[in-house]
Structures are given as structure tokens and as C-alpha cells.
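Text of the file coords_8.pdb, holding PDB, C-alpha atoms:
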ATOM      1  CA  MET T 132    -114.463  69.317 188.973
ATOM      2  CA  MET T 133    -117.045  68.405 186.360
ATOM      3  CA  SER T 134    -116.185  68.302 182.678
ATOM      4  CA  THR T 135    -119.381  70.004 181.587
ATOM      5  CA  PHE T 136    -119.174  72.378 178.660
ATOM      6  CA  PRO T 137    -118.629  75.194 178.018
ATOM      7  CA  LEU T 138    -115.662  75.142 180.375
ATOM      8  CA  PRO T 139    -114.858  78.497 181.997
ATOM      9  CA  ASP T 140    -112.441  80.697 180.052
ATOM     10  CA  ALA T 141    -109.772  80.201 182.743
ATOM     11  CA  SER T 142    -109.930  76.429 182.263
ATOM     12  CA  ILE T 143    -109.684  76.776 178.494
ATOM     13  CA  GLU T 144    -106.664  79.031 178.914
ATOM     14  CA  ALA T 145    -105.031  76.566 181.352
ATOM     15  CA  ALA T 146    -105.637  73.696 178.915
ATOM     16  CA  ILE T 147    -104.114  75.549 175.960
ATOM     17  CA  ALA T 148    -101.175  76.752 178.098
ATOM     18  CA  ALA T 149    -100.332  73.112 178.897
ATOM     19  CA  VAL T 150    -100.010  72.189 175.207
ATOM     20  CA  LYS T 151     -96.692  72.289 173.366
ATOM     21  CA  PHE T 152     -97.721  72.949 169.785
ATOM     22  CA  ASP T 153     -95.406  71.846 166.974
ATOM     23  CA  ALA T 154     -93.766  74.153 164.439
ATOM     24  CA  ASP T 155     -97.047  74.304 162.501
ATOM     25  CA  GLY T 156     -99.031  75.224 165.623
ATOM     26  CA  LEU T 157    -100.603  71.766 165.787
ATOM     27  CA  VAL T 158    -100.864  68.941 168.317
ATOM     28  CA  PRO T 159    -102.034  65.356 167.731
ATOM     29  CA  ALA T 160    -105.315  64.408 169.421
ATOM     30  CA  ILE T 161    -106.366  60.808 170.072
ATOM     31  CA  ALA T 162    -110.121  60.149 170.213
ATOM     32  CA  GLN T 163    -111.217  57.309 172.497
ATOM     33  CA  GLN T 164    -114.805  56.168 173.073
ATOM     34  CA  HIS T 165    -115.329  57.022 176.746
ATOM     35  CA  ASP T 166    -117.211  53.902 177.844
ATOM     36  CA  SER T 167    -115.914  51.069 175.654
ATOM     37  CA  GLY T 168    -112.299  52.315 175.547
ATOM     38  CA  GLU T 169    -112.071  51.881 171.751
ATOM     39  CA  VAL T 170    -109.374  54.059 170.162
ATOM     40  CA  LEU T 171    -111.303  55.578 167.269
ATOM     41  CA  MET T 172    -108.933  57.906 165.404
ATOM     42  CA  MET T 173    -106.101  60.388 165.634
ATOM     43  CA  ALA T 174    -106.309  63.864 164.132
ATOM     44  CA  TRP T 175    -104.805  67.304 164.744
ATOM     45  CA  MET T 176    -105.886  70.351 166.704
ATOM     46  CA  ASN T 177    -104.622  73.904 166.876
ATOM     47  CA  ARG T 178    -105.194  76.529 169.549
ATOM     48  CA  ASP T 179    -108.511  77.708 168.087
ATOM     49  CA  SER T 180    -109.965  74.246 167.544
ATOM     50  CA  ILE T 181    -109.128  73.306 171.158
ATOM     51  CA  ALA T 182    -110.878  76.446 172.383
ATOM     52  CA  GLU T 183    -113.935  75.743 170.230
ATOM     53  CA  THR T 184    -114.060  72.116 171.411
ATOM     54  CA  LEU T 185    -113.922  73.121 175.101
ATOM     55  CA  ARG T 186    -116.538  75.804 174.561
ATOM     56  CA  THR T 187    -119.033  73.719 172.610
ATOM     57  CA  GLY T 188    -118.414  70.208 173.953
ATOM     58  CA  ARG T 189    -118.367  68.977 170.372
ATOM     59  CA  VAL T 190    -115.027  67.899 168.928
ATOM     60  CA  CYS T 191    -113.524  70.233 166.352
ATOM     61  CA  TYR T 192    -110.188  69.269 164.758
ATOM     62  CA  TRP T 193    -107.952  71.254 162.422
ATOM     63  CA  SER T 194    -107.843  69.892 158.894
ATOM     64  CA  ARG T 195    -104.266  70.027 157.621
ATOM     65  CA  SER T 196    -105.390  69.443 154.023
ATOM     66  CA  ARG T 197    -108.155  72.053 154.034
ATOM     67  CA  GLN T 198    -106.389  74.409 156.497
ATOM     68  CA  ASN T 199    -109.678  74.959 158.241
ATOM     69  CA  PHE T 200    -111.820  73.780 161.135
ATOM     70  CA  TRP T 201    -112.954  70.186 160.843
ATOM     71  CA  ARG T 202    -116.052  69.846 162.963
ATOM     72  CA  LYS T 203    -116.271  66.078 163.199
ATOM     73  CA  GLY T 204    -119.582  64.894 161.756
ATOM     74  CA  GLU T 205    -120.304  68.121 159.876
ATOM     75  CA  SER T 206    -120.583  66.234 156.574
ATOM     76  CA  SER T 207    -121.298  62.697 157.752
ATOM     77  CA  GLY T 208    -123.604  63.438 160.675
ATOM     78  CA  GLN T 209    -121.425  61.184 162.872
ATOM     79  CA  VAL T 210    -120.589  63.755 165.533
ATOM     80  CA  GLN T 211    -118.150  63.345 168.409
ATOM     81  CA  MET T 212    -119.329  64.785 171.704
ATOM     82  CA  LEU T 213    -116.573  65.540 174.199
ATOM     83  CA  ILE T 214    -116.718  63.805 177.570
ATOM     84  CA  GLU T 215    -113.232  64.597 178.859
ATOM     85  CA  TRP T 216    -110.168  66.497 177.604
ATOM     86  CA  ARG T 217    -106.735  65.290 178.744
ATOM     87  CA  VAL T 218    -103.154  66.255 177.969
ATOM     88  CA  ASP T 219    -100.034  64.147 178.419
ATOM     89  CA  CYS T 220     -97.016  64.674 180.673
ATOM     90  CA  ASP T 221     -94.967  66.640 178.175
ATOM     91  CA  GLY T 222     -97.914  68.441 176.618
ATOM     92  CA  ASP T 223     -97.411  67.197 173.087
ATOM     93  CA  THR T 224    -100.438  64.899 172.767
ATOM     94  CA  ILE T 225    -104.119  65.320 173.652
ATOM     95  CA  LEU T 226    -106.496  62.523 174.633
ATOM     96  CA  LEU T 227    -110.168  63.178 173.902
ATOM     97  CA  ARG T 228    -112.587  60.892 175.658
ATOM     98  CA  VAL T 229    -115.655  61.152 173.464
ATOM     99  CA  ASP T 230    -119.069  59.808 172.714
ATOM    100  CA  GLN T 231    -118.857  58.937 169.025
ATOM    101  CA  GLN T 232    -122.089  58.455 167.147
ATOM    102  CA  GLY T 233    -121.731  55.670 164.556
ATOM    103  CA  PRO T 234    -118.554  55.236 162.511
ATOM    104  CA  ALA T 235    -115.563  57.467 163.272
ATOM    105  CA  CYS T 236    -113.712  56.409 160.112
ATOM    106  CA  HIS T 237    -114.400  57.856 156.663
ATOM    107  CA  THR T 238    -114.443  54.277 155.336
ATOM    108  CA  GLY T 239    -117.606  53.710 157.387
ATOM    109  CA  ARG T 240    -115.888  51.618 160.033
ATOM    110  CA  ARG T 241    -116.196  52.334 163.727
ATOM    111  CA  SER T 242    -112.451  52.908 164.207
ATOM    112  CA  CYS T 243    -109.757  54.038 161.787
ATOM    113  CA  PHE T 244    -107.450  51.307 163.170
ATOM    114  CA  TYR T 245    -109.077  48.428 161.295
ATOM    115  CA  ARG T 246    -105.891  46.885 159.850
ATOM    116  CA  ARG T 247    -103.740  44.515 161.881
ATOM    117  CA  ALA T 248    -100.301  43.101 161.166
ATOM    118  CA  ASP T 249    -100.393  39.334 161.738
ATOM    119  CA  THR T 250     -98.950  36.145 160.330
ATOM    120  CA  GLU T 251    -101.085  36.545 157.174
ATOM    121  CA  GLY T 252     -99.768  40.051 156.427
ATOM    122  CA  LEU T 253    -101.997  43.070 156.928
ATOM    123  CA  THR T 254    -105.518  41.892 157.762
ATOM    124  CA  ILE T 255    -108.722  43.982 157.741
ATOM    125  CA  THR T 256    -110.467  43.055 160.979
ATOM    126  CA  ASP T 257    -113.446  45.423 161.235
ATOM    127  CA  PRO T 258    -116.678  45.545 159.214
ATOM    128  CA  VAL T 259    -118.023  48.562 157.324
ATOM    129  CA  LEU T 260    -121.032  49.795 159.324
ATOM    130  CA  LEU T 261    -122.168  52.458 156.878
ATOM    131  CA  SER T 262    -121.000  52.877 153.286
ATOM    132  CA  PRO T 263    -119.106  56.071 152.470
ATOM    133  CA  GLU T 264    -121.964  56.864 150.058
ATOM    134  CA  ALA T 265    -124.451  56.660 152.931
ATOM    135  CA  LEU T 266    -122.139  58.799 155.057
ATOM    136  CA  TYR T 267    -121.287  61.475 152.524
ATOM    137  CA  GLY T 268    -123.977  61.172 149.846
ATOM    138  CA  ASN T 269    -123.052  62.523 146.453
ATOM    139  CA  LYS T 270    -120.832  65.304 147.694
ATOM    140  CA  GLY T 271    -117.998  63.780 145.715
ATOM    141  CA  GLN T 272    -115.406  63.808 148.447
ATOM    142  CA  THR T 273    -114.824  62.829 152.014
ATOM    143  CA  PRO T 274    -114.121  65.635 154.437
ATOM    144  CA  GLY T 275    -111.375  66.057 156.979
ATOM    145  CA  PHE T 276    -107.808  65.038 156.342
TER
ATOM    146  CA  MET N 195    -103.896  35.009 161.783
ATOM    147  CA  MET N 196    -102.169  35.064 165.156
ATOM    148  CA  SER N 197    -100.182  38.070 166.305
ATOM    149  CA  THR N 198     -97.355  35.986 167.718
ATOM    150  CA  PHE N 199     -93.871  37.367 167.364
ATOM    151  CA  PRO N 200     -91.594  37.403 165.527
ATOM    152  CA  LEU N 201     -93.967  38.036 162.636
ATOM    153  CA  PRO N 202     -92.810  36.670 159.268
ATOM    154  CA  ASP N 203     -90.669  39.050 157.213
ATOM    155  CA  ALA N 204     -93.484  39.399 154.646
ATOM    156  CA  SER N 205     -95.850  40.641 157.363
ATOM    157  CA  ILE N 206     -93.290  43.114 158.653
ATOM    158  CA  GLU N 207     -92.789  44.399 155.115
ATOM    159  CA  ALA N 208     -96.568  44.707 154.591
ATOM    160  CA  ALA N 209     -96.929  46.603 157.864
ATOM    161  CA  ILE N 210     -94.157  49.066 157.025
ATOM    162  CA  ALA N 211     -95.474  49.508 153.464
ATOM    163  CA  ALA N 212     -98.846  50.602 154.905
ATOM    164  CA  VAL N 213     -97.276  53.435 156.917
ATOM    165  CA  LYS N 214     -96.990  56.967 155.574
ATOM    166  CA  PHE N 215     -93.941  58.322 157.380
ATOM    167  CA  ASP N 216     -93.619  62.088 157.864
ATOM    168  CA  ALA N 217     -90.823  64.243 156.475
ATOM    169  CA  ASP N 218     -88.561  63.071 159.323
ATOM    170  CA  GLY N 219     -89.317  59.409 158.603
ATOM    171  CA  LEU N 220     -91.465  59.107 161.728
ATOM    172  CA  VAL N 221     -95.017  58.085 162.566
ATOM    173  CA  PRO N 222     -96.911  58.608 165.857
ATOM    174  CA  ALA N 223     -97.732  55.421 167.777
ATOM    175  CA  ILE N 224    -100.442  55.229 170.441
ATOM    176  CA  ALA N 225     -99.947  52.619 173.171
ATOM    177  CA  GLN N 226    -103.120  51.143 174.659
ATOM    178  CA  GLN N 227    -103.291  48.513 177.397
ATOM    179  CA  HIS N 228    -104.846  45.558 175.564
ATOM    180  CA  ASP N 229    -107.261  44.361 178.238
ATOM    181  CA  SER N 230    -108.294  47.477 180.189
ATOM    182  CA  GLY N 231    -108.343  49.804 177.176
ATOM    183  CA  GLU N 232    -106.309  52.508 178.972
ATOM    184  CA  VAL N 233    -104.510  54.850 176.595
ATOM    185  CA  LEU N 234    -101.038  54.897 178.128
ATOM    186  CA  MET N 235     -98.861  57.140 175.965
ATOM    187  CA  MET N 236     -98.004  58.364 172.508
ATOM    188  CA  ALA N 237     -94.494  58.219 171.097
ATOM    189  CA  TRP N 238     -92.830  57.967 167.686
ATOM    190  CA  MET N 239     -91.565  55.119 165.554
ATOM    191  CA  ASN N 240     -89.464  54.932 162.427
ATOM    192  CA  ARG N 241     -89.091  52.109 159.932
ATOM    193  CA  ASP N 242     -86.385  50.335 161.926
ATOM    194  CA  SER N 243     -88.138  50.573 165.290
ATOM    195  CA  ILE N 244     -91.318  49.134 163.754
ATOM    196  CA  ALA N 245     -89.318  46.234 162.314
ATOM    197  CA  GLU N 246     -87.610  45.594 165.649
ATOM    198  CA  THR N 247     -90.949  45.741 167.513
ATOM    199  CA  LEU N 248     -92.585  43.233 165.153
ATOM    200  CA  ARG N 249     -89.575  40.945 165.326
ATOM    201  CA  THR N 250     -89.132  40.945 169.096
ATOM    202  CA  GLY N 251     -92.695  41.507 170.347
ATOM    203  CA  ARG N 252     -91.332  44.144 172.698
ATOM    204  CA  VAL N 253     -92.141  47.773 171.894
ATOM    205  CA  CYS N 254     -89.253  49.873 170.611
ATOM    206  CA  TYR N 255     -89.887  53.547 169.825
ATOM    207  CA  TRP N 256     -87.628  56.090 168.173
ATOM    208  CA  SER N 257     -86.423  58.794 170.546
ATOM    209  CA  ARG N 258     -86.511  62.143 168.764
ATOM    210  CA  SER N 259     -84.349  63.792 171.436
ATOM    211  CA  ARG N 260     -81.686  61.064 171.511
ATOM    212  CA  GLN N 261     -82.042  60.129 167.817
ATOM    213  CA  ASN N 262     -81.814  56.501 168.775
ATOM    214  CA  PHE N 263     -83.891  53.436 169.586
ATOM    215  CA  TRP N 264     -85.986  53.792 172.717
ATOM    216  CA  ARG N 265     -86.681  50.290 173.967
ATOM    217  CA  LYS N 266     -89.489  51.018 176.383
ATOM    218  CA  GLY N 267     -88.482  49.885 179.865
ATOM    219  CA  GLU N 268     -84.778  49.659 179.103
ATOM    220  CA  SER N 269     -83.970  52.084 181.942
ATOM    221  CA  SER N 270     -87.070  51.775 184.135
ATOM    222  CA  GLY N 271     -87.716  48.053 183.810
ATOM    223  CA  GLN N 272     -91.344  48.863 182.904
ATOM    224  CA  VAL N 273     -91.417  47.061 179.567
ATOM    225  CA  GLN N 274     -94.209  47.103 177.008
ATOM    226  CA  MET N 275     -94.914  43.763 175.385
ATOM    227  CA  LEU N 276     -96.745  43.948 172.048
ATOM    228  CA  ILE N 277    -100.081  42.181 171.758
ATOM    229  CA  GLU N 278    -101.321  43.663 168.476
ATOM    230  CA  TRP N 279    -100.021  46.153 165.889
ATOM    231  CA  ARG N 280    -102.577  48.215 163.993
ATOM    232  CA  VAL N 281    -102.407  51.037 161.459
ATOM    233  CA  ASP N 282    -105.107  53.574 160.635
ATOM    234  CA  CYS N 283    -106.998  54.173 157.388
ATOM    235  CA  ASP N 284    -104.581  56.702 155.949
ATOM    236  CA  GLY N 285    -101.459  55.068 157.362
ATOM    237  CA  ASP N 286    -100.270  58.024 159.389
ATOM    238  CA  THR N 287    -100.865  56.671 162.905
ATOM    239  CA  ILE N 288    -100.080  53.332 164.566
ATOM    240  CA  LEU N 289    -102.045  51.764 167.416
ATOM    241  CA  LEU N 290    -100.064  49.402 169.634
ATOM    242  CA  ARG N 291    -102.143  47.157 171.840
ATOM    243  CA  VAL N 292     -99.691  46.274 174.579
ATOM    244  CA  ASP N 293     -99.220  44.667 177.941
ATOM    245  CA  GLN N 294     -97.566  47.417 179.989
ATOM    246  CA  GLN N 295     -95.833  46.399 183.168
ATOM    247  CA  GLY N 296     -96.309  49.071 185.859
ATOM    248  CA  PRO N 297     -96.223  52.780 185.029
ATOM    249  CA  ALA N 298     -95.948  53.852 181.384
ATOM    250  CA  CYS N 299     -95.228  57.482 182.303
ATOM    251  CA  HIS N 300     -91.793  58.779 183.334
ATOM    252  CA  THR N 301     -93.552  60.569 186.236
ATOM    253  CA  GLY N 302     -94.357  57.130 187.678
ATOM    254  CA  ARG N 303     -98.024  57.268 186.744
ATOM    255  CA  ARG N 304     -99.753  54.500 184.852
ATOM    256  CA  SER N 305    -100.699  56.750 181.917
ATOM    257  CA  CYS N 306     -99.108  59.926 180.567
ATOM    258  CA  PHE N 307    -102.597  61.451 180.224
ATOM    259  CA  TYR N 308    -103.046  62.263 183.916
ATOM    260  CA  ARG N 309    -104.155  65.897 183.522
ATOM    261  CA  ARG N 310    -107.765  66.803 182.779
ATOM    262  CA  ALA N 311    -109.310  70.132 181.825
ATOM    263  CA  ASP N 312    -112.362  70.716 184.019
ATOM    264  CA  THR N 313    -114.181  73.539 185.759
ATOM    265  CA  GLU N 314    -111.289  73.895 188.232
ATOM    266  CA  GLY N 315    -108.657  74.369 185.512
ATOM    267  CA  LEU N 316    -106.148  71.605 184.786
ATOM    268  CA  THR N 317    -106.540  68.849 187.385
ATOM    269  CA  ILE N 318    -104.101  65.996 188.095
ATOM    270  CA  THR N 319    -106.329  62.941 188.341
ATOM    271  CA  ASP N 320    -103.937  59.972 188.623
ATOM    272  CA  PRO N 321    -101.656  58.882 191.462
ATOM    273  CA  VAL N 322     -97.916  58.283 191.244
ATOM    274  CA  LEU N 323     -97.441  54.505 191.472
ATOM    275  CA  LEU N 324     -93.634  54.509 191.578
ATOM    276  CA  SER N 325     -91.400  57.523 192.158
ATOM    277  CA  PRO N 326     -89.104  58.541 189.294
ATOM    278  CA  GLU N 327     -86.207  57.785 191.660
ATOM    279  CA  ALA N 328     -87.467  54.239 192.088
ATOM    280  CA  LEU N 329     -87.932  53.970 188.315
ATOM    281  CA  TYR N 330     -84.641  55.461 187.185
ATOM    282  CA  GLY N 331     -82.411  55.288 190.274
ATOM    283  CA  ASN N 332     -79.496  57.704 190.322
ATOM    284  CA  LYS N 333     -78.913  57.711 186.591
ATOM    285  CA  GLY N 334     -79.505  61.427 186.622
ATOM    286  CA  GLN N 335     -81.948  61.567 183.758
ATOM    287  CA  THR N 336     -85.098  60.024 182.457
ATOM    288  CA  PRO N 337     -84.793  58.247 179.147
ATOM    289  CA  GLY N 338     -86.907  58.473 176.051
ATOM    290  CA  PHE N 339     -88.288  61.700 174.729
TER
END

If you convert what's in this file into C-alpha cells, what do you get?
Amino acid sequence: MMSTFPLPDASIEAAIAAVKFDADGLVPAIAQQHDSGEVLMMAWMNRDSIAETLRTGRVCYWSRSRQNFWRKGESSGQVQMLIEWRVDCDGDTILLRVDQQGPACHTGRRSCFYRRADTEGLTITDPVLLSPEALYGNKGQTPGF
Amino acid sequence: MMSTFPLPDASIEAAIAAVKFDADGLVPAIAQQHDSGEVLMMAWMNRDSIAETLRTGRVCYWSRSRQNFWRKGESSGQVQMLIEWRVDCDGDTILLRVDQQGPACHTGRRSCFYRRADTEGLTITDPVLLSPEALYGNKGQTPGF
């Protein structure tokens, strides 16, 4: 019952069969750092990106804006290795327990959830670890969503 | 900068202004147990359920199936108290850090993400803490989604 990758084809098929994709063929996927428990980001997967993720052990989302695979870290170098793939009770959300190298957020922060509602309004709580320029160089745009 | 509730109206307005609702006026919300880091569930919120949650400090989702407020725990007694409300970089996902009493899942498990893809296929990893009958009695249906 190990989660080593590639998973066998039968396991990949069972995983995909458990997912209820939306009208666009997509399902939201939450990425959580496996050891610290930090919730890093939420993005979308389709059937093919789930299969690729379970084959390679490296997280591959589906970019809704680019309508293409979004292999996390492809541009920034900050890859997400898959530790464990989970699906919820009604099959409409995936939980990816990952090992995220460096920042998960395109702003250079560890987590995308760096803004908190509090008595002051909306407060930025997390520091920038790496500037977007350092992450993406002079490519002129950030990848992904 | 405390997250005590009710938050001031200005904070509630700032929180809602940061959210990019989808075409149905909804946004996915991830619930995470604030101290253990467990990801418990994902459900949906609209503008009004966010406002109610930030006013009361008790999590209120929007039920897509019932098209009505879904005050978590209303039927099961397993309420979710809000510790912290966060929004992601592009405003299309909310992270609720909560204190969940008992099971979050309608199956009676702590988390909805109790199925894991592994070499055996799709494995149920988490025990049932309370039977659905104990949670919902003879009401004939489970609430929520």
C-alpha cells in the first residue's frame, strides 16, 4: 500500500474513476505540504493531468487560462513532488500531499493564502521568499493560471 | 490584528472585495483544522455566507444542491468554529482555519479525504468515528451538498 510512483495503471484508473469532474472536465486540487501541513495552493486538474501526476510523481495541473498542462515548477524551478493523492467523499475535490520546493505562490511566497481578514481589514501575513523576477527571470509573464 | 468575531463591517467588506466569485457567484472554501493542520473538507461559499461566517465566527457554507445556507453542524451538531479566514493570491479560493468538533465528513469520518490512491488501488485509510445514524438520526437524509 505504498504511494510510490509510477502507480500501476489499475490504481490510476481507480483514482480517475472516483473523481466527479465538472462540466469542463475539471476538478479542484488542494496542495498541502506533507510534513508541515501548510495549505499551499489550489489549482485544477483534468483526467490527463491526474494520470500524468500519478505516473511521474510530479504534480501536473491543468491551466484553465492556457488550456494546457501546467507542470508546477516548469518555469520557476519550484517543483511539487507528490507524496500522496487523496479524493474526498463525493469525489469532487482532490487533496495532494506534496513536497514543495521553495515558494508555491507566483508572488514568491510559500503559500498562496497569505492574506487574512482581521480587525484591520485584509492583512498580508507572509513574507516574499523569492522575488517573481528571481522565480521567472525576464520571461515577461508568470505561468499557470 | 485579532481574528475575533464579529469582524468589523469594513473588514467583512474588504474580505468580500478580495474574492473573485465564479459565474454562479460562488467560491471554493477549504476547511483546515487550525492546530493539527488536517485538511477536513472543501465546500462552497457565496457573498452572503462569507458575511455570515465573519459576523458569527461559525462557518456557514452555501449548499449548491439545496440553494441555501449550510450552517455546518446544523443537523449533525458537529459545528465548525472559525479561527482565521484567508484568501489566495488571485482571490478564487478561500482557506478557513477552523476548530472542527468531531467528524467533518457526512460519512462520520474526521476528514472527507479518507481515500488514497496507492499500489492497491483506492484505499480507505480513515476510520468512521460516528455513524451517519448517530450524526443525523432518523432525519432520512444528510444535509449539505

What's the 8 Å shell around Ile181 in chain T, counting all atoms listed in the file, without same-chain residues fewer than 3 positions away, as number ranges by chain?
T: 147, 176-178, 184-185, 191-192

Taking all atoms listed in the file into account, what are the residues of chain N at most 6 Å from chain T, put as a PyMOL selection string? chain N and resi 195-197+201+205+208-209+231+279-283+306-307+309-315

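Distance-wise, CA of Val322 in chain N and CA of Arg260 in chain N end up 25.7 Å apart.
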
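Between Arg228 in chain T and the residues T:Tyr267, T:Ile214, T:Ser262, T:Ser206, the shortest atom-to-atom distance, using all atoms listed in the file, involves T:Ile214.
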
In Å and to one decimal, CA of Ser207 in chain T is distant from CA of Ala265 in chain T by 8.3 Å

**Request:** Find the residues near Gln211 in chain T: any atom within 7 Å, counting only C-alpha atoms, skip ones fewer than 2 places away on the same chain, and give them as a ChimeraX atom specification.
**Result:** /T:189-190,203-204,209,213,229-232

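Put simply, the PyMOL selection byres ((chain N and resi 219) around 10) in this file takes in Lys214, Phe215, Asp216, Ala217, Asp218, Leu220, Val221, Trp238, Met239, Asn240 and Arg241 of chain N.
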
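Between CA of His165 in chain T and CA of Asp320 in chain N the interatomic distance comes to 16.7 Å.
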